[in-house]
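Just below is one structure, and these are the notes that go with it.
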Amino acid sequence: LIALKVENVDFPDGIAFKCKQCGSCCRFIPGDVNAEEKRLIEAKGFVGFLGAPDSTGRTLIRRKKDGSCFFLTGKNKCAIYDVRPMICRIGPFQVKDWDYKNNVITVETRLDLACPGIHAGSEPASQDAVKAAQGYVREMVELTAKVEKLPITAEEVASIARKHIITNTVPFLKE
Ligand code: SF4
Ligand code: SF4
């Protein structure tokens, strides 16, 4: 058994990110929403905001006709900012790997976003992004444990979860 620790998040060197609120990522990546995030968004009174699960098993927020996120307002504001999903909190980053033996989460910059906030700040990343990266890994481990019907601290669970993280796929619940 391993201890489930996801404290250490390693961001790329010299990134100095600060969001410029251009809304570009909200037009580019539809966020995926887990059950708890869905509940929090619904508690705000929103309905009908999810599409069908995609080929990786993720349930994504619907797009408007112009391709932007269901929740993006005309002024590039997020209508659910305080309960926005984890993927939106990570910003222009994504979790690349989780070295569960040494307890290090490696985060990389999404180059496909061409985010103007890269190098615009003074900190490597916000605490929000750190927490989102940790939350993402924790969620992948919890989901893997559920799917595999194994204890969350089983090394096999960590190993399978890591494969999902590296390949950017989601463990499916078997029927
Ligand atoms: S994270 Fe980057 S792409 Fe997204 S709104 Fe902020 S500055 Fe724009
Ligand atoms: S939920 Fe909010 S932050 Fe996330 S993509 Fe939509 S508008 Fe952007």
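Letters A, B, ... go to the chains of the structure tokens in the order shown; residues in each chain start at 1; ligands are counted from 1 in the same order.
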* Surroundings of ligand 1 up to 7 Å, based on only C-alpha atoms and all ligand atoms, as a VMD selection string -> chain A and resid 18 to 26 91 to 92 113 to 117
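Across stretch 33-172 of chain A, DSSP run on the backbone finds strand (DSSP E or B) at Leu50, Gly51, Ala52, Pro53, Thr59, Leu60, Ile61, Arg63, Cys69, Leu72, Cys78, Phe93, Gln94, Val95, Lys96, Asp97, Trp98, Asp99, Val104, Ile105, Thr106, Val107, Glu108 and Thr109 of chain A.
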* Got a sec to check which residues lie within 10 Å of ligand 2, using only C-alpha atoms and all ligand atoms, and send them as number ranges by chain? -> A: 21, 23-33, 41, 49, 60-63, 68-73, 76-91
* List every residue of stretch 77-128 of chain A that DSSP, applied to the backbone of this structure, places in alpha helix (DSSP H), and write the result as a PyMOL selection string. => chain A and resi 86-89+127-128
* To do: Do a neighbour search on A:Arg162 at 10 Å with only C-alpha atoms, toss out local chain neighbours closer than 2 positions, and write the hits as number ranges by chain.
  => A: 96-100, 137, 140-141, 144, 156-160, 164-168
* Asked: Nearest to A:Lys149 among A:Lys163, A:Gly74, A:Pro171, A:His119, with distances taken over only C-alpha atoms: which residue is it?
  -> A:Pro171
* From the list A:Ala145, A:Ile105, A:Ile118, A:Ala43, which residue is nearest A:Lys131 when using only C-alpha atoms? -> A:Ile105
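Summary of the local environment: counting only C-alpha atoms, residues at most 10 Å from A:Glu139, other than itself and those fewer than 6 positions away along its chain, are A:Asn34, A:Ala133, A:Ala145, A:Ala161, A:Val170.
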Dump C-alpha atoms for the selected residues as a PDB file, in the first residue's frame?
```pdb
ATOM      1  CA  ASN A  34     -17.229  15.789 -12.243  1.00  0.00           C
ATOM      2  CA  ALA A 133      -3.599  19.982 -10.027  1.00  0.00           C
ATOM      3  CA  ALA A 145      -9.967   2.802  -6.895  1.00  0.00           C
ATOM      4  CA  ALA A 161      -4.214   6.265 -12.198  1.00  0.00           C
ATOM      5  CA  VAL A 170     -10.530   8.751 -17.527  1.00  0.00           C
TER       6      VAL A 170
END
```
* Identify, on the basis of only C-alpha atoms, every residue whose closest approach to A:Glu108 does not exceed 7 Å; exclude the query and any residue fewer than 6 positions from it along the same chain; express the result as a list in words. =>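 Residues near the query, excluding close chain neighbours: Phe11, Pro12, Phe93, Gln94, Val95 and Lys96 of chain A.
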Just to be explicit: take each residue in the selection above, keep all heavy atoms, and write the result as a PDB file, in the first residue's frame.
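Result saved to out-v9.pdb:
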```pdb
ATOM      1  N   PHE A  11       5.707  23.065 -11.349  1.00  0.00           N
ATOM      2  CA  PHE A  11       5.323  23.829 -12.540  1.00  0.00           C
ATOM      3  C   PHE A  11       6.566  24.064 -13.402  1.00  0.00           C
ATOM      4  O   PHE A  11       7.691  24.054 -12.896  1.00  0.00           O
ATOM      5  CB  PHE A  11       4.693  25.163 -12.140  1.00  0.00           C
ATOM      6  CG  PHE A  11       3.245  25.029 -11.758  1.00  0.00           C
ATOM      7  CD1 PHE A  11       2.894  24.645 -10.473  1.00  0.00           C
ATOM      8  CD2 PHE A  11       2.241  25.266 -12.679  1.00  0.00           C
ATOM      9  CE1 PHE A  11       1.563  24.491 -10.121  1.00  0.00           C
ATOM     10  CE2 PHE A  11       0.911  25.114 -12.338  1.00  0.00           C
ATOM     11  CZ  PHE A  11       0.572  24.730 -11.049  1.00  0.00           C
ATOM     12  N   PRO A  12       6.379  24.312 -14.702  1.00  0.00           N
ATOM     13  CA  PRO A  12       7.551  24.571 -15.551  1.00  0.00           C
ATOM     14  C   PRO A  12       8.327  25.786 -15.046  1.00  0.00           C
ATOM     15  O   PRO A  12       7.737  26.726 -14.510  1.00  0.00           O
ATOM     16  CB  PRO A  12       6.936  24.868 -16.931  1.00  0.00           C
ATOM     17  CG  PRO A  12       5.530  24.388 -16.860  1.00  0.00           C
ATOM     18  CD  PRO A  12       5.104  24.402 -15.435  1.00  0.00           C
ATOM     19  N   PHE A  93      -2.377  25.267 -17.911  1.00  0.00           N
ATOM     20  CA  PHE A  93      -1.510  24.130 -17.593  1.00  0.00           C
ATOM     21  C   PHE A  93      -2.309  22.829 -17.638  1.00  0.00           C
ATOM     22  O   PHE A  93      -3.532  22.849 -17.608  1.00  0.00           O
ATOM     23  CB  PHE A  93      -0.909  24.280 -16.188  1.00  0.00           C
ATOM     24  CG  PHE A  93      -0.215  25.586 -15.977  1.00  0.00           C
ATOM     25  CD1 PHE A  93      -0.786  26.573 -15.200  1.00  0.00           C
ATOM     26  CD2 PHE A  93       1.012  25.832 -16.570  1.00  0.00           C
ATOM     27  CE1 PHE A  93      -0.156  27.792 -15.014  1.00  0.00           C
ATOM     28  CE2 PHE A  93       1.654  27.036 -16.391  1.00  0.00           C
ATOM     29  CZ  PHE A  93       1.071  28.023 -15.606  1.00  0.00           C
ATOM     30  N   GLN A  94      -1.599  21.728 -17.683  1.00  0.00           N
ATOM     31  CA  GLN A  94      -2.235  20.423 -17.529  1.00  0.00           C
ATOM     32  C   GLN A  94      -1.281  19.514 -16.775  1.00  0.00           C
ATOM     33  O   GLN A  94      -0.057  19.697 -16.838  1.00  0.00           O
ATOM     34  CB  GLN A  94      -2.627  19.820 -18.869  1.00  0.00           C
ATOM     35  CG  GLN A  94      -1.470  19.547 -19.789  1.00  0.00           C
ATOM     36  CD  GLN A  94      -1.928  19.197 -21.208  1.00  0.00           C
ATOM     37  OE1 GLN A  94      -3.121  19.203 -21.510  1.00  0.00           O
ATOM     38  NE2 GLN A  94      -0.985  18.905 -22.066  1.00  0.00           N
ATOM     39  N   VAL A  95      -1.874  18.559 -16.055  1.00  0.00           N
ATOM     40  CA  VAL A  95      -1.027  17.617 -15.319  1.00  0.00           C
ATOM     41  C   VAL A  95      -0.440  16.628 -16.308  1.00  0.00           C
ATOM     42  O   VAL A  95      -1.161  15.999 -17.080  1.00  0.00           O
ATOM     43  CB  VAL A  95      -1.845  16.885 -14.226  1.00  0.00           C
ATOM     44  CG1 VAL A  95      -0.986  15.825 -13.550  1.00  0.00           C
ATOM     45  CG2 VAL A  95      -2.352  17.893 -13.196  1.00  0.00           C
ATOM     46  N   LYS A  96       0.873  16.541 -16.302  1.00  0.00           N
ATOM     47  CA  LYS A  96       1.576  15.682 -17.256  1.00  0.00           C
ATOM     48  C   LYS A  96       1.881  14.315 -16.646  1.00  0.00           C
ATOM     49  O   LYS A  96       1.836  13.289 -17.301  1.00  0.00           O
ATOM     50  CB  LYS A  96       2.882  16.381 -17.622  1.00  0.00           C
ATOM     51  CG  LYS A  96       3.740  15.681 -18.624  1.00  0.00           C
ATOM     52  CD  LYS A  96       4.995  16.530 -18.832  1.00  0.00           C
ATOM     53  CE  LYS A  96       6.038  15.772 -19.609  1.00  0.00           C
ATOM     54  NZ  LYS A  96       7.342  16.437 -19.522  1.00  0.00           N
TER      55      LYS A  96
END
```
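Atom pair atom CA of A:Lys64 / atom CA of A:Leu111: separated by 23.7 Å.
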* To do: Rounded to one decimal place, report the atom CA of A:Asp128-atom CA of A:Gly14 distance in Å.
  =>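 Taking atom CA of A:Asp128 as the start and atom CA of A:Gly14 as the end point, the length is 18.2 Å.
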